[in-house]
file model_5.tsv (TSV, C-alpha atoms)
chain	number	residue	atom	x	y	z
A	32	MET	CA	78.29	59.81	-121.34
A	33	ASN	CA	76.91	56.63	-119.79
A	34	LEU	CA	75.18	54.32	-122.25
A	35	ALA	CA	72.40	53.75	-119.73
A	36	THR	CA	71.50	57.44	-119.85
A	37	LEU	CA	71.55	57.78	-123.63
A	38	THR	CA	68.38	58.07	-125.69
A	39	ALA	CA	67.75	58.13	-129.42
A	40	SER	CA	67.52	61.92	-129.20
A	41	ASP	CA	71.24	62.02	-128.36
A	42	LEU	CA	72.13	60.75	-131.83
A	43	GLN	CA	73.82	63.53	-133.81
A	44	ILE	CA	72.24	63.34	-137.26
A	45	ALA	CA	73.68	65.15	-140.26
A	46	GLY	CA	70.99	64.19	-142.76
A	47	LEU	CA	67.90	62.11	-143.45
A	48	THR	CA	66.77	60.56	-146.73
A	49	PRO	CA	63.02	59.84	-146.51
A	50	MET	CA	63.11	56.99	-149.02
A	51	SER	CA	65.94	55.12	-150.72
A	52	SER	CA	66.04	51.97	-152.83
A	53	VAL	CA	69.85	51.76	-152.99
A	54	ASP	CA	71.05	51.89	-149.38
A	55	TRP	CA	69.81	48.37	-148.56
A	56	PRO	CA	69.58	46.13	-151.64
A	57	GLY	CA	66.05	44.93	-152.20
A	58	LYS	CA	64.51	47.20	-149.55
A	59	PHE	CA	62.82	50.58	-149.43
A	60	VAL	CA	64.33	52.44	-146.49
A	61	ALA	CA	64.81	55.76	-144.81
A	62	THR	CA	68.50	56.53	-144.32
A	63	VAL	CA	69.84	58.30	-141.25
A	64	PHE	CA	73.28	59.87	-141.77
A	65	ALA	CA	75.14	60.08	-138.47
A	66	GLN	CA	77.57	62.96	-138.00
A	67	GLY	CA	81.28	62.27	-137.78
A	68	CYS	CA	83.79	59.66	-138.96
A	69	PRO	CA	87.29	58.81	-137.67
A	70	TRP	CA	88.64	58.13	-141.16
A	71	ALA	CA	89.28	60.42	-144.14
A	72	CYS	CA	88.80	58.46	-147.35
A	73	PRO	CA	89.46	60.59	-150.46
A	74	TYR	CA	86.45	59.20	-152.34
A	75	CYS	CA	83.99	59.85	-149.50
A	76	HIS	CA	80.87	61.46	-150.95
A	77	ASN	CA	79.81	62.74	-147.52
A	78	GLN	CA	82.82	64.99	-146.88
A	79	ALA	CA	80.64	67.60	-145.20
A	80	ILE	CA	79.71	65.30	-142.31
A	81	ILE	CA	83.10	63.78	-141.42
A	82	ASP	CA	83.96	66.30	-138.67
A	83	PRO	CA	82.75	64.79	-135.35
A	84	LYS	CA	82.74	68.19	-133.65
A	85	ILE	CA	79.92	69.52	-135.79
A	86	PRO	CA	76.55	69.04	-134.08
A	87	GLY	CA	73.69	67.26	-135.79
A	88	VAL	CA	71.20	69.32	-137.77
A	89	VAL	CA	68.32	66.81	-137.92
A	90	SER	CA	66.42	65.95	-134.76
A	91	TRP	CA	65.54	62.39	-133.84
A	92	GLU	CA	61.96	63.55	-133.41
A	93	SER	CA	61.81	64.30	-137.13
A	94	VAL	CA	62.94	60.74	-137.85
A	95	GLU	CA	60.12	59.36	-135.71
A	96	GLU	CA	57.62	61.67	-137.39
A	97	LEU	CA	58.74	60.29	-140.75
A	98	LEU	CA	58.41	56.70	-139.58
A	99	GLY	CA	54.95	57.38	-138.25
A	100	ARG	CA	53.89	58.54	-141.72
A	101	ARG	CA	55.66	55.79	-143.67
A	102	ARG	CA	54.25	52.63	-142.10
A	103	GLY	CA	53.46	50.25	-144.94
A	104	LEU	CA	55.67	52.21	-147.34
A	105	LEU	CA	59.13	51.57	-145.88
A	106	ASP	CA	60.75	48.28	-144.97
A	107	GLY	CA	63.29	49.72	-142.59
A	108	VAL	CA	65.84	52.33	-141.58
A	109	VAL	CA	69.55	52.29	-142.46
A	110	PHE	CA	72.00	53.99	-140.11
A	111	SER	CA	74.79	55.36	-142.25
A	112	GLY	CA	77.30	58.16	-141.97
A	113	GLY	CA	79.83	59.33	-141.38
A	114	GLU	CA	80.33	56.29	-139.23
A	115	ALA	CA	77.20	55.31	-137.35
A	116	THR	CA	79.00	53.08	-134.85
A	117	ARG	CA	81.01	56.07	-133.63
A	118	GLN	CA	78.01	57.20	-131.57
A	119	LEU	CA	76.74	55.07	-128.71
A	120	ALA	CA	73.31	56.64	-129.13
A	121	VAL	CA	72.87	54.56	-132.27
A	122	LEU	CA	71.73	51.68	-130.02
A	123	PRO	CA	68.69	53.39	-128.47
A	124	ALA	CA	67.92	54.80	-131.91
A	125	MET	CA	67.89	51.30	-133.39
A	126	GLN	CA	65.67	50.16	-130.55
A	127	ARG	CA	63.17	52.91	-131.33
A	128	VAL	CA	63.12	51.91	-135.00
A	129	ARG	CA	62.30	48.36	-133.98
A	130	GLU	CA	59.53	49.63	-131.69
A	131	PHE	CA	58.02	51.39	-134.71
A	132	GLY	CA	57.93	48.01	-136.48
A	133	PHE	CA	60.71	48.58	-138.99
A	134	GLU	CA	63.83	46.58	-139.81
A	135	VAL	CA	67.28	47.99	-139.05
A	136	GLY	CA	70.21	48.22	-141.46
A	137	LEU	CA	73.72	49.48	-140.75
A	138	HIS	CA	76.47	50.89	-142.95
A	139	THR	CA	79.92	50.69	-141.37
A	140	ALA	CA	83.57	50.92	-142.33
A	141	GLY	CA	84.45	48.90	-139.24
A	142	PRO	CA	86.72	51.29	-137.31
A	143	TYR	CA	85.38	50.04	-133.94
A	144	PRO	CA	85.30	46.21	-134.09
A	145	ALA	CA	84.56	45.68	-130.38
A	146	ARG	CA	81.69	48.15	-130.50
A	147	LEU	CA	80.36	46.60	-133.71
A	148	ARG	CA	80.41	43.18	-132.03
A	149	GLU	CA	78.32	44.51	-129.14
A	150	ILE	CA	75.86	46.16	-131.52
A	151	LEU	CA	75.43	42.93	-133.47
A	152	ARG	CA	74.94	40.93	-130.28
A	153	THR	CA	71.93	43.04	-129.33
A	154	GLY	CA	69.94	41.45	-132.13
A	155	LEU	CA	68.75	44.88	-133.26
A	156	VAL	CA	70.47	44.77	-136.66
A	157	ASP	CA	68.94	42.87	-139.58
A	158	TRP	CA	71.51	43.69	-142.27
A	159	VAL	CA	74.99	45.23	-142.53
A	160	GLY	CA	76.76	46.84	-145.45
A	161	ILE	CA	80.46	46.76	-144.50
A	162	ASP	CA	83.17	48.57	-146.43
A	163	ILE	CA	86.52	46.87	-146.88
A	164	LYS	CA	88.83	49.37	-148.53
A	165	ALA	CA	92.09	47.51	-149.27
A	166	MET	CA	94.42	44.81	-148.04
A	167	SER	CA	95.60	45.48	-144.49
A	168	GLY	CA	98.78	47.54	-144.16
A	169	PRO	CA	100.03	50.60	-146.06
A	170	ASN	CA	97.33	50.30	-148.72
A	171	TYR	CA	94.57	50.53	-146.13
A	172	GLU	CA	96.19	53.46	-144.37
A	173	ALA	CA	96.55	55.23	-147.72
A	174	VAL	CA	92.77	54.99	-148.25
A	175	ALA	CA	91.51	55.59	-144.72
A	176	GLY	CA	94.13	58.20	-143.90
A	177	ARG	CA	94.70	56.74	-140.43
A	178	PRO	CA	97.16	54.25	-138.89
A	179	ASN	CA	96.00	50.74	-137.98
A	180	ALA	CA	92.82	51.12	-140.03
A	181	GLY	CA	93.24	47.82	-141.87
A	182	PRO	CA	93.37	45.43	-138.89
A	183	LYS	CA	90.31	47.09	-137.38
A	184	ALA	CA	88.26	46.86	-140.58
A	185	TRP	CA	89.18	43.26	-141.31
A	186	GLU	CA	88.43	42.32	-137.69
A	187	SER	CA	85.05	43.99	-138.08
A	188	LEU	CA	84.41	41.95	-141.21
A	189	GLY	CA	85.01	38.83	-139.15
A	190	GLU	CA	82.50	40.04	-136.57
A	191	VAL	CA	79.87	40.51	-139.27
A	192	LEU	CA	80.49	37.10	-140.82
A	193	ASP	CA	80.40	35.41	-137.41
A	194	SER	CA	77.19	37.15	-136.34
A	195	GLY	CA	74.83	35.42	-138.73
A	196	VAL	CA	73.34	38.79	-139.72
A	197	SER	CA	72.62	39.35	-143.41
A	198	TYR	CA	75.31	41.48	-145.04
A	199	GLU	CA	77.04	42.83	-148.11
A	200	VAL	CA	80.81	43.36	-148.26
A	201	ARG	CA	81.68	46.41	-150.32
A	202	LEU	CA	84.89	47.60	-151.98
A	203	THR	CA	85.14	51.04	-153.55
A	204	VAL	CA	87.87	51.67	-156.11
A	205	TYR	CA	89.26	54.93	-157.45
A	206	PRO	CA	92.09	55.82	-159.89
A	207	ASP	CA	94.63	57.01	-157.33
A	208	GLY	CA	93.92	54.19	-154.90
A	209	PRO	CA	95.54	50.78	-154.38
A	210	ARG	CA	95.40	48.27	-157.20
A	211	ASP	CA	94.65	45.33	-154.89
A	212	GLY	CA	90.93	44.97	-155.63
A	213	TYR	CA	91.14	41.39	-156.85
A	214	GLU	CA	93.25	40.38	-153.85
A	215	VAL	CA	90.71	42.01	-151.51
A	216	ALA	CA	87.80	40.19	-153.15
A	217	SER	CA	89.69	36.90	-153.08
A	218	CYS	CA	90.52	37.25	-149.37
A	219	VAL	CA	86.92	38.18	-148.57
A	220	LYS	CA	85.79	35.06	-150.44
A	221	ASP	CA	88.33	32.91	-148.56
A	222	LEU	CA	86.89	34.17	-145.26
A	223	GLY	CA	83.55	32.69	-146.25
A	224	ALA	CA	81.71	35.77	-147.46
A	225	THR	CA	79.12	35.09	-150.13
A	226	HIS	CA	77.81	38.62	-150.91
A	227	PHE	CA	80.18	41.15	-152.45
A	228	ALA	CA	79.85	44.46	-154.27
A	229	LEU	CA	82.39	46.49	-156.24
A	230	GLN	CA	81.68	50.21	-156.31
A	231	GLN	CA	83.32	52.71	-158.62
A	232	ALA	CA	83.89	56.02	-156.85
A	233	ARG	CA	82.12	59.12	-158.14
A	234	ALA	CA	83.18	62.73	-157.89
A	235	LEU	CA	79.85	63.93	-156.47
A	236	GLY	CA	80.23	65.17	-152.89
A	237	THR	CA	83.96	64.45	-152.68
A	238	ALA	CA	86.70	66.88	-151.66
A	239	GLN	CA	87.88	69.37	-154.25
A	240	GLY	CA	90.47	67.89	-156.59
A	241	PHE	CA	89.38	64.26	-156.26
A	242	ASN	CA	90.18	62.30	-159.41
A	243	ALA	CA	87.22	60.12	-160.40
A	244	GLY	CA	88.92	58.80	-163.53
A	245	ASP	CA	88.41	58.67	-167.27
A	246	ALA	CA	87.63	56.19	-170.03
A	247	ALA	CA	90.86	54.28	-169.46
A	248	TRP	CA	89.99	53.90	-165.77
A	249	ASP	CA	86.52	52.65	-166.69
A	250	LEU	CA	88.12	49.91	-168.78
A	251	GLU	CA	90.43	48.94	-165.91
A	252	VAL	CA	87.47	48.68	-163.55
A	253	ARG	CA	85.51	46.58	-166.04
A	254	SER	CA	88.45	44.18	-166.23
A	255	LEU	CA	88.44	43.93	-162.44
A	256	VAL	CA	84.71	43.19	-162.54
A	257	ASP	CA	85.33	40.30	-164.92
A	258	ASP	CA	88.03	38.88	-162.65
A	259	ILE	CA	85.91	39.13	-159.50
A	260	GLU	CA	82.93	37.49	-161.20
A	261	LYS	CA	85.12	34.41	-161.74
A	262	LEU	CA	85.59	34.04	-157.97
A	263	GLY	CA	82.05	32.68	-157.74
A	264	PHE	CA	80.37	34.77	-155.06
A	265	GLU	CA	76.77	33.74	-154.41
A	266	SER	CA	75.86	37.32	-155.25
A	267	PHE	CA	78.10	39.94	-156.83
A	268	GLN	CA	77.01	43.48	-157.65
A	269	PHE	CA	78.90	46.06	-159.69
A	270	ARG	CA	77.94	49.67	-159.14
A	271	PRO	CA	79.58	51.91	-161.77
A	272	ALA	CA	80.20	55.60	-161.33
call {"tool": "encode", "arguments": {"input": "model_5.tsv", "output": "structure tokens"}}
result
Amino acid sequence: MNLATLTASDLQIAGLTPMSSVDWPGKFVATVFAQGCPWACPYCHNQAIIDPKIPGVVSWESVEELLGRRRGLLDGVVFSGGEATRQLAVLPAMQRVREFGFEVGLHTAGPYPARLREILRTGLVDWVGIDIKAMSGPNYEAVAGRPNAGPKAWESLGEVLDSGVSYEVRLTVYPDGPRDGYEVASCVKDLGATHFALQQARALGTAQGFNAGDAAWDLEVRSLVDDIEKLGFESFQFRPA
């Protein structure tokens, strides 16, 4: 489909949260969950919306109705997923949010760095939460479940850092995942990032059989938190399970 012919109504939406205080730190937002994601992370808490072939169940019109009612109550709208950058219709949707007078946030895992660069260059995005899942190579592929995932995500991180847009870099850890969290945080810091968050995966919404850990895992994560704090990020957030 030609981008010039797309409208916000073409965005396939799997869900809509009318108000959230956690999807954009420091903001009250509505969160639009776009259908479909090219990756298959075991800790994903939105397993039901990964399949890109499933049509959206929430209309864009209902999003606009919500925004019309929430002027003065919401700061903005976050486009999440799934993977919001998978759909080209996210651009006209962002434009409509701006026309309603709200700020625009974006959650991305960075699977489409060239597309992310173009989105950021439009000036429509005020803040990005970008997930970096592991060091590039086998560890990244083990988390994302797809080849060449690491180079794409780390390239996308570079696009975010170069854009001048406000951001938060996020790493999610889980018991059966790579043990390279400190190395990831250190590399992110070396690239010039100043805002970092460590998230401990939860079982809620994940695929059956996902191991969210135990008390011993909690202690291991707390040790990682202590190590990352010593790196000296301007802001560092820990979000436990």
call {"tool": "closest_residue", "arguments": {"input": "model_5.tsv", "among": "A:Glu96, A:Glu199, A:Glu190, A:Glu149", "to": "A:Pro56", "atoms": "only C-alpha atoms"}}
result
A:Glu199
call {"tool": "closest_residue", "arguments": {"input": "model_5.tsv", "among": "A:Asp221, A:Ala228, A:Gly112, A:Tyr74", "to": "A:Gly244", "atoms": "all atoms listed in the file"}}
result
A:Tyr74
call {"tool": "residues_near_point", "arguments": {"input": "model_5.tsv", "point": "(84.2, 42.0, -139.7)", "cutoff": "12 Å", "atoms": "only C-alpha atoms", "output": "MDAnalysis selection string"}}
result
chainID A and resid 139:148 151 159:163 181:196 198:201 219 222:224
call {"tool": "residues_near_point", "arguments": {"input": "model_5.tsv", "point": "(62.2, 48.4, -139.6)", "cutoff": "9 Å", "atoms": "all atoms listed in the file", "output": "number ranges by chain"}}
result
A: 60, 105-109, 125, 128-136, 157
call {"tool": "atom_distance", "arguments": {"input": "model_5.tsv", "atom1": "atom CA of A:Leu262", "atom2": "atom CA of A:Ser167"}}
result
20.3 Å
call {"tool": "closest_residue", "arguments": {"input": "model_5.tsv", "among": "A:Gln78, A:Gln43, A:Ser52, A:Ser93", "to": "A:Arg117", "atoms": "all atoms listed in the file"}}
result
A:Gln43
call {"tool": "axis_aligned_box", "arguments": {"input": "model_5.tsv", "around": "stretch 257-266 of chain A", "padding_each_side": "8 Å", "output": "lines of an AutoDock Vina configuration file"}}
result
center_x = 81.9
center_y = 36.5
center_z = -159.7
size_x = 28.2
size_y = 23.6
size_z = 26.5
call {"tool": "closest_residue", "arguments": {"input": "model_5.tsv", "among": "A:Glu172, A:Asp258, A:Asp249, A:Glu114", "to": "A:Leu42", "atoms": "only C-alpha atoms"}}
result
A:Glu114
call {"tool": "decode", "arguments": {"input": "model_5.tsv", "residues": "stretch 34-120 of chain A", "atoms": "C-alpha atoms", "output": "mmCIF file, in the first residue's frame"}}
result
data_model
loop_
_atom_site.group_PDB
_atom_site.id
_atom_site.type_symbol
_atom_site.label_atom_id
_atom_site.label_comp_id
_atom_site.auth_asym_id
_atom_site.auth_seq_id
_atom_site.Cartn_x
_atom_site.Cartn_y
_atom_site.Cartn_z
ATOM 1 C CA LEU A 34 2.158 5.614 2.090
ATOM 2 C CA ALA A 35 0.503 8.579 0.387
ATOM 3 C CA THR A 36 -2.840 6.765 0.425
ATOM 4 C CA LEU A 37 -2.673 5.603 4.040
ATOM 5 C CA THR A 38 -4.749 7.180 6.784
ATOM 6 C CA ALA A 39 -4.826 6.708 10.534
ATOM 7 C CA SER A 40 -7.833 4.424 10.066
ATOM 8 C CA ASP A 41 -5.550 1.908 8.335
ATOM 9 C CA LEU A 42 -3.656 1.278 11.573
ATOM 10 C CA GLN A 43 -4.425 -2.227 12.839
ATOM 11 C CA ILE A 44 -4.964 -1.790 16.575
ATOM 12 C CA ALA A 45 -5.053 -4.727 18.975
ATOM 13 C CA GLY A 46 -5.846 -2.771 22.125
ATOM 14 C CA LEU A 47 -6.240 0.643 23.720
ATOM 15 C CA THR A 48 -5.485 1.691 27.291
ATOM 16 C CA PRO A 49 -7.430 4.894 28.060
ATOM 17 C CA MET A 50 -4.980 6.112 30.695
ATOM 18 C CA SER A 51 -1.550 4.921 31.800
ATOM 19 C CA SER A 52 1.092 6.422 34.069
ATOM 20 C CA VAL A 53 3.761 3.803 33.306
ATOM 21 C CA ASP A 54 4.082 3.719 29.512
ATOM 22 C CA TRP A 55 5.812 7.115 29.313
ATOM 23 C CA PRO A 56 7.657 8.020 32.527
ATOM 24 C CA GLY A 57 6.294 11.202 34.038
ATOM 25 C CA LYS A 58 3.317 11.440 31.668
ATOM 26 C CA PHE A 59 -0.330 10.442 31.690
ATOM 27 C CA VAL A 60 -1.038 8.845 28.328
ATOM 28 C CA ALA A 61 -3.382 6.715 26.313
ATOM 29 C CA THR A 62 -1.583 3.687 24.868
ATOM 30 C CA VAL A 63 -2.353 2.287 21.435
ATOM 31 C CA PHE A 64 -1.217 -1.317 20.966
ATOM 32 C CA ALA A 65 -0.496 -1.998 17.302
ATOM 33 C CA GLN A 66 -1.105 -5.520 16.010
ATOM 34 C CA GLY A 67 1.828 -7.666 14.944
ATOM 35 C CA CYS A 68 5.542 -8.023 15.681
ATOM 36 C CA PRO A 69 8.342 -9.646 13.639
ATOM 37 C CA TRP A 70 10.090 -10.995 16.736
ATOM 38 C CA ALA A 71 9.106 -13.667 19.267
ATOM 39 C CA CYS A 72 10.596 -12.794 22.652
ATOM 40 C CA PRO A 73 9.756 -15.415 25.314
ATOM 41 C CA TYR A 74 9.018 -12.797 27.980
ATOM 42 C CA CYS A 75 6.622 -10.784 25.792
ATOM 43 C CA HIS A 76 3.526 -9.965 27.828
ATOM 44 C CA ASN A 77 1.517 -9.244 24.674
ATOM 45 C CA GLN A 78 1.743 -12.715 23.129
ATOM 46 C CA ALA A 79 -1.811 -12.481 21.835
ATOM 47 C CA ILE A 80 -1.002 -9.617 19.459
ATOM 48 C CA ILE A 81 2.263 -10.829 17.886
ATOM 49 C CA ASP A 82 0.657 -12.444 14.816
ATOM 50 C CA PRO A 83 0.653 -9.794 12.030
ATOM 51 C CA LYS A 84 -2.074 -11.627 10.105
ATOM 52 C CA ILE A 85 -4.701 -10.999 12.762
ATOM 53 C CA PRO A 86 -6.727 -7.868 11.979
ATOM 54 C CA GLY A 87 -7.095 -5.064 14.474
ATOM 55 C CA VAL A 88 -10.063 -5.114 16.832
ATOM 56 C CA VAL A 89 -10.059 -1.442 17.893
ATOM 57 C CA SER A 90 -10.991 1.236 15.385
ATOM 58 C CA TRP A 91 -8.998 4.428 15.001
ATOM 59 C CA GLU A 92 -12.256 6.321 15.366
ATOM 60 C CA SER A 93 -12.532 5.046 18.938
ATOM 61 C CA VAL A 94 -9.053 6.423 19.646
ATOM 62 C CA GLU A 95 -10.092 9.847 18.387
ATOM 63 C CA GLU A 96 -13.285 9.711 20.434
ATOM 64 C CA LEU A 97 -11.173 9.025 23.523
ATOM 65 C CA LEU A 98 -8.822 11.904 22.761
ATOM 66 C CA GLY A 99 -11.738 14.243 22.280
ATOM 67 C CA ARG A 100 -12.936 13.406 25.789
ATOM 68 C CA ARG A 101 -9.515 13.493 27.461
ATOM 69 C CA ARG A 102 -8.243 16.954 26.552
ATOM 70 C CA GLY A 103 -6.687 18.411 29.684
ATOM 71 C CA LEU A 104 -6.458 14.965 31.298
ATOM 72 C CA LEU A 105 -3.863 13.274 29.089
ATOM 73 C CA ASP A 106 -0.427 14.499 28.080
ATOM 74 C CA GLY A 107 -0.088 12.301 25.039
ATOM 75 C CA VAL A 108 -0.473 8.999 23.227
ATOM 76 C CA VAL A 109 2.073 6.171 23.162
ATOM 77 C CA PHE A 110 2.169 3.865 20.155
ATOM 78 C CA SER A 111 3.198 0.463 21.425
ATOM 79 C CA GLY A 112 2.717 -3.114 20.299
ATOM 80 C CA GLY A 113 3.445 -5.546 19.020
ATOM 81 C CA GLU A 114 5.821 -3.394 17.062
ATOM 82 C CA ALA A 115 4.308 -0.062 16.105
ATOM 83 C CA THR A 116 6.900 0.714 13.428
ATOM 84 C CA ARG A 117 5.850 -2.400 11.505
ATOM 85 C CA GLN A 118 2.823 -0.518 10.168
ATOM 86 C CA LEU A 119 3.295 2.474 7.890
ATOM 87 C CA ALA A 120 -0.090 3.792 9.009
#
